[in-house]
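Trainee: Sharing a structure with you now.
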Amino acid sequence: MLWAICGLTSQVSWSIATLAQQTPVAQPQPGSSAVVNQAKKLIQNGDPQGALTLLQHVDLSASNAADIHTLKGICFALLGKPVESAAEFDQAIALRPNYAPTYFSAGLAFASFDNLDLALARLSTALRLDPQLPGVRYNYALVLSRAGKYEESEKNVDLELAKKGPRTEPPLELLRLKARDAYYQKKWTDTMNAYAKVLELQPDWAEAYAATGEALFSLNRSEESIAALRKAVSLDPDNWNAHALLGKLYQDAGKQEQAITEFEAAHRLMPIDREVIYRLYRIYRAKGDQINSARLQKELEVLIASNRAESDNEAKGSALNSTGVELEKNGDLGGALDAFEKAAKADVTNVVFQRNAALLLCKLGRPAEAIRRLRDILAIDPDDAKTLQILAVAKELSAGDLARKKTLPEAQELH
């Protein structure tokens with residue numbers, strides 16, 4: 001069966017994962033054994049309903065009753081019946097509580113229903129019972145990543161990559177998952193290194209160039225970022241985020257026409273991105289292009305108005321910013337940075353939120369990323385005095401003058 005998790009495809013055969021290591025205490029009745037084998041073939045051939053029909057009539061007092069319950073659980077999962085599937089797996093586990101393949105298949109079933117907590121519970125048990133079970137650690141890492149537990153996922157991928165001997169997954173799939181885990185954690189150097197290894201095996205993968213370009217962008221390595229992002233959009237012209245980042249880089253470099261081209265491409269592909277609309281609007285207004293600036297101003301107003309029923313963007317941004325300020329005071333710098341970034345996305349017109357994120361990056365010892373954020377602000381408002389002040393300090397920190405960190409102001413609260 002093909003499992004698509006986190007955009008990756010893991011090929012797992014339900015019957016193999018569940019029954020390949022079968023160690024029955026007694027020989028099953030010939031009739032039930034034949035039905036089980038026939039049901040497995042039907043599942044593998046894409047006919048879970050036919051397999052279930054056969055299994056419904058099997059004697060559950062046979063010694064292979066646990067296998068029968070497991071196969072029924074698989075059938076119900078494939079037929080989209082989560083309650084029935086879970087009940088069958090529970091009965092299989094009750095009959096054979098220390099058999100890893102059953103937990104493995106149950107975990108995959110829960111993952112297919114997007115019940116990630118139970119999926120992780122079952123998969124972690126399978127991994128504990130049999131760490132060498134083919135495919136179990138990789139699929140556990142996939143579901144961890146899908147659940148947003150990227151650091152733990154990456155650790156399990158590293159263990160799988162370090163494992164000697166045969167494995168069910170090709171190295172490419174493991175490296176792709178590791179690269180994505182690093183990307184979602186915003187570990188930019190690790191992101192570039194991991195995607196570089198992927199590109200050795202898959203030279204023209206657009207995602208690798210786009211992610212590398214974004215990492216270089218975040219580290220303020222503009223020329224290298226442009227090269228990677230241009231490669232990304234040449235391989236995948238519909239990557240709106242790569243176009244948007246190119247637009248920012250060209251805008252920062254004063255290449256307004258090229259910035260317009262990229263922002264318009266990003267806007268066409270993702271018409272609800274408020275930041276792209278706002279940046280285009282500011283460029284057109286500075287050029288004196290009243291027609292396009294009016295068009296984009298109206299689009300932004302309509303977009304904001306359409307979201308008012310869900311939440312007021314300014315109020316949401318302000319609330320998130322306040323949360324970030326409090327988290328920073330309490331020493332939770334990672335949580336504060338996340339809050340400031342969410343505030344900036346909620347209200348793209350307020351530079352305070354982006355500036356607070358840049359301030360915190362300086363305090364975290366990441367001045368290159370701070371400089372990138374600050375230059376993004378100045379591309380829109382080149383005379384913002386506070387941003388210019390923080391940028392001067394960030395540049396000195398980047399040059400090694402760590403004492404300047406003490407001169408950084410506190411995050412700005414809105415009232």
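Identifiers in the structure tokens: chain A, B, ... in order shown; residue index from 1 per chain; ligand index from 1 in order shown.
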Just want the 12 Å neighbourhood of Gly254 of chain A, counted on only C-alpha atoms, with same-chain residues fewer than 4 positions away dropped. Output as a VMD selection string.

Mentor: chain A and resid 247 to 250 258 to 260 283 375 to 376 378 to 380 382

Trainee: Please dump the current selection as a PDB file, in the first residue's frame; keep N, CA and C atoms.

Mentor:
ATOM      1  N   GLY A 247      11.171  38.465  -5.526  1.00  0.00           N
ATOM      2  CA  GLY A 247      10.654  39.830  -5.522  1.00  0.00           C
ATOM      3  C   GLY A 247      11.250  40.647  -4.395  1.00  0.00           C
ATOM      4  N   LYS A 248      11.328  40.052  -3.198  1.00  0.00           N
ATOM      5  CA  LYS A 248      11.917  40.761  -2.055  1.00  0.00           C
ATOM      6  C   LYS A 248      13.385  41.105  -2.308  1.00  0.00           C
ATOM      7  N   LEU A 249      14.115  40.139  -2.868  1.00  0.00           N
ATOM      8  CA  LEU A 249      15.545  40.359  -3.118  1.00  0.00           C
ATOM      9  C   LEU A 249      15.767  41.459  -4.147  1.00  0.00           C
ATOM     10  N   TYR A 250      14.972  41.442  -5.204  1.00  0.00           N
ATOM     11  CA  TYR A 250      15.107  42.488  -6.227  1.00  0.00           C
ATOM     12  C   TYR A 250      14.671  43.846  -5.681  1.00  0.00           C
ATOM     13  N   GLN A 258      12.197  44.206 -11.971  1.00  0.00           N
ATOM     14  CA  GLN A 258      12.317  42.766 -11.756  1.00  0.00           C
ATOM     15  C   GLN A 258      11.506  42.332 -10.538  1.00  0.00           C
ATOM     16  N   ALA A 259      11.483  43.197  -9.524  1.00  0.00           N
ATOM     17  CA  ALA A 259      10.672  42.889  -8.344  1.00  0.00           C
ATOM     18  C   ALA A 259       9.192  42.802  -8.716  1.00  0.00           C
ATOM     19  N   ILE A 260       8.729  43.734  -9.546  1.00  0.00           N
ATOM     20  CA  ILE A 260       7.334  43.719  -9.980  1.00  0.00           C
ATOM     21  C   ILE A 260       7.016  42.421 -10.715  1.00  0.00           C
ATOM     22  N   ILE A 283       5.343  49.518  -4.242  1.00  0.00           N
ATOM     23  CA  ILE A 283       6.225  49.778  -5.393  1.00  0.00           C
ATOM     24  C   ILE A 283       5.499  50.624  -6.435  1.00  0.00           C
ATOM     25  N   ARG A 375      16.324  44.475   6.472  1.00  0.00           N
ATOM     26  CA  ARG A 375      16.406  44.986   5.099  1.00  0.00           C
ATOM     27  C   ARG A 375      15.063  44.833   4.388  1.00  0.00           C
ATOM     28  N   ASP A 376      14.307  43.796   4.740  1.00  0.00           N
ATOM     29  CA  ASP A 376      12.953  43.651   4.181  1.00  0.00           C
ATOM     30  C   ASP A 376      12.071  44.823   4.596  1.00  0.00           C
ATOM     31  N   LEU A 378      13.126  47.863   5.431  1.00  0.00           N
ATOM     32  CA  LEU A 378      13.628  49.076   4.789  1.00  0.00           C
ATOM     33  C   LEU A 378      13.308  49.119   3.298  1.00  0.00           C
ATOM     34  N   ALA A 379      13.094  47.951   2.701  1.00  0.00           N
ATOM     35  CA  ALA A 379      12.697  47.928   1.293  1.00  0.00           C
ATOM     36  C   ALA A 379      11.320  48.564   1.117  1.00  0.00           C
ATOM     37  N   ILE A 380      10.503  48.508   2.173  1.00  0.00           N
ATOM     38  CA  ILE A 380       9.172  49.122   2.137  1.00  0.00           C
ATOM     39  C   ILE A 380       9.212  50.540   2.692  1.00  0.00           C
ATOM     40  N   PRO A 382      12.183  52.911   3.767  1.00  0.00           N
ATOM     41  CA  PRO A 382      13.635  53.118   3.906  1.00  0.00           C
ATOM     42  C   PRO A 382      14.036  54.139   4.974  1.00  0.00           C
TER      43      PRO A 382
END

Trainee: So which residues touch segment 150-157 of chain A within 9 Å, counting only C-alpha atoms, skipping near sequence neighbours fewer than 5 positions away, as a PyMOL selection string?

Mentor: chain A and resi 137-138+140-145+162+174-175+177-182+184-185

Trainee: Neighbours of segment 340-353 of chain A within 12 Å (only C-alpha atoms; same-chain residues fewer than 6 positions away dropped), as a PyMOL selection string?

Mentor: chain A and resi 273-279+281-282+297+300-301+304+307-308+310-328+333-334+359-361+373-382+384-387+410-414

Trainee: Enumerate as a count of residues only all residues of segment 158-244 of chain A assigned to alpha helix (DSSP H) by DSSP on the backbone, naming them with the chain letters and numbers the document uses.

Mentor: 65

Trainee: Do a neighbour search on Lys72 of chain A at 8 Å with only C-alpha atoms, toss out local chain neighbours closer than 2 positions, and write the hits as a list in words.

Mentor: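 In the requested form, the answer reads Leu52, Leu55, Ile68, His69, Thr70, Ile74, Cys75, Phe76, Ser85 and Glu88 of chain A.
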
Trainee: Hey, which of A:Ile390, A:Ala94, A:Lys186, A:Leu129 ends up closest to Leu337 of chain A? Count only C-alpha atoms.

Mentor: A:Lys186

Trainee: Which is closest to Trp240 of chain A among A:Ala228, A:Leu95, A:Leu269, A:Leu303, if we use only C-alpha atoms?

Mentor: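 Once distances to Trp240 of chain A are computed over only C-alpha atoms, the minimum belongs to A:Leu269.
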
Trainee: Val393 of chain A: which residues within 8 Å, counting only C-alpha atoms, same-chain residues fewer than 5 positions away excluded, as a ChimeraX atom specification?

Mentor: /A:404-405,407-408

Trainee: So which residues touch Ala86 of chain A within 12 Å, counting only C-alpha atoms, skipping near sequence neighbours fewer than 5 positions away, as a PyMOL selection string?

Mentor: chain A and resi 69-77+80-81+91-93+102-103+105-113+115+118-119+122

Trainee: Go ahead and compute the interatomic distance for atom CA of Thr168 of chain A and atom CA of Gly50 of chain A, in Å to one decimal.

Mentor: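 These atoms are spaced 28.2 Å apart.
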
Trainee: Just to confirm, what's the straight-line distance from atom CA of Asp252 of chain A to atom CA of Leu219 of chain A in Å (one decimal)?

Mentor: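 According to the coordinates, atom CA of Asp252 of chain A and atom CA of Leu219 of chain A are separated by 14.5 Å.
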
Trainee: Interatomic distance between atom CA of Leu78 of chain A and atom CA of Pro48 of chain A?

Mentor: 6.6 Å

Trainee: Can you work out which one of A:Pro82, A:Pro170, A:Pro134, A:Gly165 has the shortest atom-to-atom distance to Asp114 of chain A, counting only C-alpha atoms?

Mentor: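 Under the stated criterion, the closest residue is A:Pro82.
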
Trainee: Tell me, as a list in words, which residues lie within 10 Å of Ala100 of chain A, counting only C-alpha atoms; anything in the same chain fewer than 5 positions away does not count.

Mentor: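 Here the qualifying residues turn out to be Ala17, Thr18, Gln21, Ile93, Ser105, Ala106, Arg122, Leu123, Ser124, Thr125, Ala126, Leu127, Arg128, Leu129, Asp130, Pro131, Leu133 and Val136 of chain A.
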